[in-house]
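Worksheet: the structure to be examined is printed underneath.
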Amino acid sequence: MVWTIELCIARQKAGSERHYQTYQIEIDPDEYVLDAVEKAWAFYDRSLTFRHACHHSTCGACGMLVNGVEKLTCITPIRSVVQDKGRLLIEPLRNFPILSDLVVDTSSMFNNLNKVSFNQVASLPAACLPYESEQPEHAHPEYERLVDCIECGMCISACPISLTSSDYIGPAVLAAAQHESIQSLSPRILEVVDNKNGVWRCHSAYECSAVCPSGVEPGWRIMKMRQAVIAHRIKSFFSSD
Amino acid sequence: MNNNDPSSHHFLRWFDPRHKSIGTIAFIINRFSALGLTVYLILHLVVLSKLASGGQAYDEFLILAKSPVIKIGEMFVIAGGIIHGANGVRIALNSFGFLVKIQKELFIGLMILSLAIIFYFGVHMFSGAQN
């Protein structure tokens, strides 16, 4: 089965105005949105720039706005977002500077992740969410795995507070801080999260959790981080001389 | 800076509910209700200031206050207060780490409760107007 879709892609080079370019793409509806973007690049316009790598939702590179919603395009089937002869709108993630077309500069997120010493590998119990229905049978601290966050930046793109403030460190970093703080709530993490641009700036819209492709639940983690910070403050108050 | 960067100038986009989840609907409702209550507070202070103009000016206002338009306005104030308060309860609970996993259900439940309370107030206010 082949569908014909109108692929409308935002084009913008750094510092220039955004415009939209439309391509007629023939595609199997069971292919993915990233495949459609690649076809536009391969058959129509080699100047189109976009980021992609693993094509199986591990690298987090291909996050884009698909019809206005943050999606990991490598795992978003065409048939889930458009119909035959329909129009598919592709735009870059919000709240990051545009480098070129669909490529955004996520360096601020990675710099902030470094500040909380986010480690992509964690012990198996620490890498699992407490409410995950299927906990590993033999969860042992010696076993390790990659944590769920793939650092795609989609939570920051969806966050209404990140929309209006570049100072807010954002849900990805706060979720990473919460993950690290399970082991130990270090002064370094507290310094990053316990301030007006940290954990207290979230306004509970939970868009971060809604768009997260990995089930990290940044919104839940931010609230857990608040709980930990409050507990720390109470402990500090009573332990101080 | 291009229009994709975070900027305080983008705050109007907060109120765009397209493609958003229920959390953003709660976020938008909280902002509208807060703005409404703030406007009411200002109006309230303006009205109270009429006391400084003497008893007659205030009495004239009280007659105006019994008009249906003002009553509907008061109804909006009550609705705003109840909805904002209920939403605040959700945020406060969540902020202490409680019921975060069911924040959507919590919001829907609190809004249904709010509507019931608003309905109760409405019935009392408008039936009382006949007396």
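In the structure tokens, each chain is lettered A, B, ... as it comes, each chain's residues begin at 1, and ligands are numbered from 1 in order of appearance.
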*asked:* When you look at Lys39 in chain A with a cut-off of 9 Å (counting only C-alpha atoms), what residues show up, excluding the ones that are within fewer than 3 positions of it in the same chain? I need them as a ChimeraX atom specification.
replied: /A:25-27,34-36,42-44
For the residues in the current selection, export N, CA and C atoms as an mmCIF file, in the first residue's frame.
data_model
loop_
_atom_site.group_PDB
_atom_site.id
_atom_site.type_symbol
_atom_site.label_atom_id
_atom_site.label_comp_id
_atom_site.auth_asym_id
_atom_site.auth_seq_id
_atom_site.Cartn_x
_atom_site.Cartn_y
_atom_site.Cartn_z
ATOM 1 N N ILE A 25 5.006 13.330 -1.182
ATOM 2 C CA ILE A 25 5.785 12.123 -0.877
ATOM 3 C C ILE A 25 4.891 10.895 -1.027
ATOM 4 N N GLU A 26 5.402 9.893 -1.705
ATOM 5 C CA GLU A 26 4.696 8.603 -1.750
ATOM 6 C C GLU A 26 5.338 7.697 -0.708
ATOM 7 N N ILE A 27 4.506 7.164 0.158
ATOM 8 C CA ILE A 27 5.077 6.415 1.289
ATOM 9 C C ILE A 27 4.104 5.352 1.784
ATOM 10 N N LEU A 34 10.044 9.801 10.192
ATOM 11 C CA LEU A 34 11.447 10.065 9.840
ATOM 12 C C LEU A 34 11.744 9.568 8.415
ATOM 13 N N ASP A 35 11.116 8.470 8.004
ATOM 14 C CA ASP A 35 11.310 7.969 6.640
ATOM 15 C C ASP A 35 10.810 8.985 5.618
ATOM 16 N N ALA A 36 9.680 9.630 5.928
ATOM 17 C CA ALA A 36 9.134 10.635 5.013
ATOM 18 C C ALA A 36 10.094 11.819 4.887
ATOM 19 N N ALA A 42 16.237 12.930 0.327
ATOM 20 C CA ALA A 42 16.916 12.104 -0.671
ATOM 21 C C ALA A 42 16.457 12.400 -2.095
ATOM 22 N N PHE A 43 15.153 12.672 -2.271
ATOM 23 C CA PHE A 43 14.621 12.785 -3.635
ATOM 24 C C PHE A 43 14.313 14.210 -4.067
ATOM 25 N N TYR A 44 14.268 15.136 -3.107
ATOM 26 C CA TYR A 44 13.847 16.492 -3.486
ATOM 27 C C TYR A 44 14.857 17.581 -3.124
#
*May I ask you to extract the residues of chain B within 12 Å of chain A, using only C-alpha atoms, and to give them as JSON, numbers by chain?*
{"B": [1, 2, 3, 4, 5, 6, 7, 8, 9, 10, 11, 12, 13, 14, 15, 16, 17, 18, 19, 20, 21, 22, 23, 24, 25, 26, 27, 28, 29, 30, 31, 87, 88, 89, 90, 91, 92, 93, 94, 95, 96, 97, 98, 99, 100, 101, 102, 103, 104, 107]}
*Mind the document's chain letters and residue numbers, and return as an MDAnalysis selection string the residues of chain B that DSSP labels alpha helix (DSSP H).*
chainID B and resid 22:48 55:65 68:95 103:128
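Rounded to one decimal, CA of Ser57 in chain A and CA of Gln120 in chain A lie 15.0 Å from each other.
Distances from B:Gly55, B:Lys71, B:Leu37, B:Gly80 to Ser127 in chain B were compared using only C-alpha atoms, and the smallest one belongs to B:Lys71.
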*Contacts of Ser108 in chain A at 9 Å (only C-alpha atoms; same-chain gap of 4+ positions) as a ChimeraX atom specification*: /A:96,112-113,169
*asked:* Which residues are near Met109 in chain A? Cut-off 10 Å, only C-alpha atoms, ignore same chain within fewer than 4 positions. Put them as JSON, numbers by chain.
replied: {"A": [96, 105, 113, 114, 115, 151, 152, 153, 156, 169, 170, 171, 172, 173]}
*Figure out the distance between CA of Thr106 in chain A and CA of Glu38 in chain A, please, to one decimal in Å.*
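Atom-to-atom, CA of Glu38 in chain A to CA of Thr106 in chain A, that is 21.5 Å.
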*asked:* Rounded to one decimal, what separation in Å do you get between CA of Leu62 in chain B and CA of Tyr120 in chain B?
replied: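 It comes out at 23.8 Å.
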*Would you please extract all strand (DSSP E) residues from range 80-230 of chain A, as assigned by DSSP on the backbone, and give them as a list in words?*
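Taking range 80-230 of chain A and keeping strand (DSSP E) only, one gets Arg87, Leu88, Leu89, Ile90, Glu91, Ile98, Leu99, Ser100, Val103, Val104, Val121, Ala122, Ser123, Glu144, Arg145 and Leu146 of chain A.
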With C-alpha atoms retained, write the just-selected residues as a short mmCIF file (atom, residue, chain, number, x, y, z; two decimals), in the first residue's frame.
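Contents of part24.cif, freshly written:
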data_model
loop_
_atom_site.label_atom_id
_atom_site.label_comp_id
_atom_site.auth_asym_id
_atom_site.auth_seq_id
_atom_site.Cartn_x
_atom_site.Cartn_y
_atom_site.Cartn_z
CA ARG A 87 -0.95 17.07 5.05
CA LEU A 88 1.81 16.40 7.54
CA LEU A 89 3.46 19.37 9.22
CA ILE A 90 7.02 18.93 10.50
CA GLU A 91 8.70 21.62 12.62
CA ILE A 98 17.49 26.81 15.57
CA LEU A 99 20.76 25.75 14.00
CA SER A 100 19.34 24.77 10.64
CA VAL A 103 18.14 20.84 13.84
CA VAL A 104 18.10 22.67 17.17
CA VAL A 121 24.10 4.03 33.18
CA ALA A 122 22.59 3.08 36.53
CA SER A 123 22.11 0.04 38.67
CA GLU A 144 23.31 -2.15 35.32
CA ARG A 145 21.42 -0.81 32.37
CA LEU A 146 20.92 2.42 30.45
#
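Distances here use only C-alpha atoms; by that measure, the residue among B:Val46, B:Ala52, B:Ala116, B:Met125 closest to Gly73 in chain B is B:Met125.
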*Which residue gives the smallest distance to His19 in chain A among A:Asp101, A:Asp148, A:Asp194, A:Asp84, with only C-alpha atoms counted?*
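Among the listed residues, the smallest separation from His19 in chain A belongs to A:Asp101.
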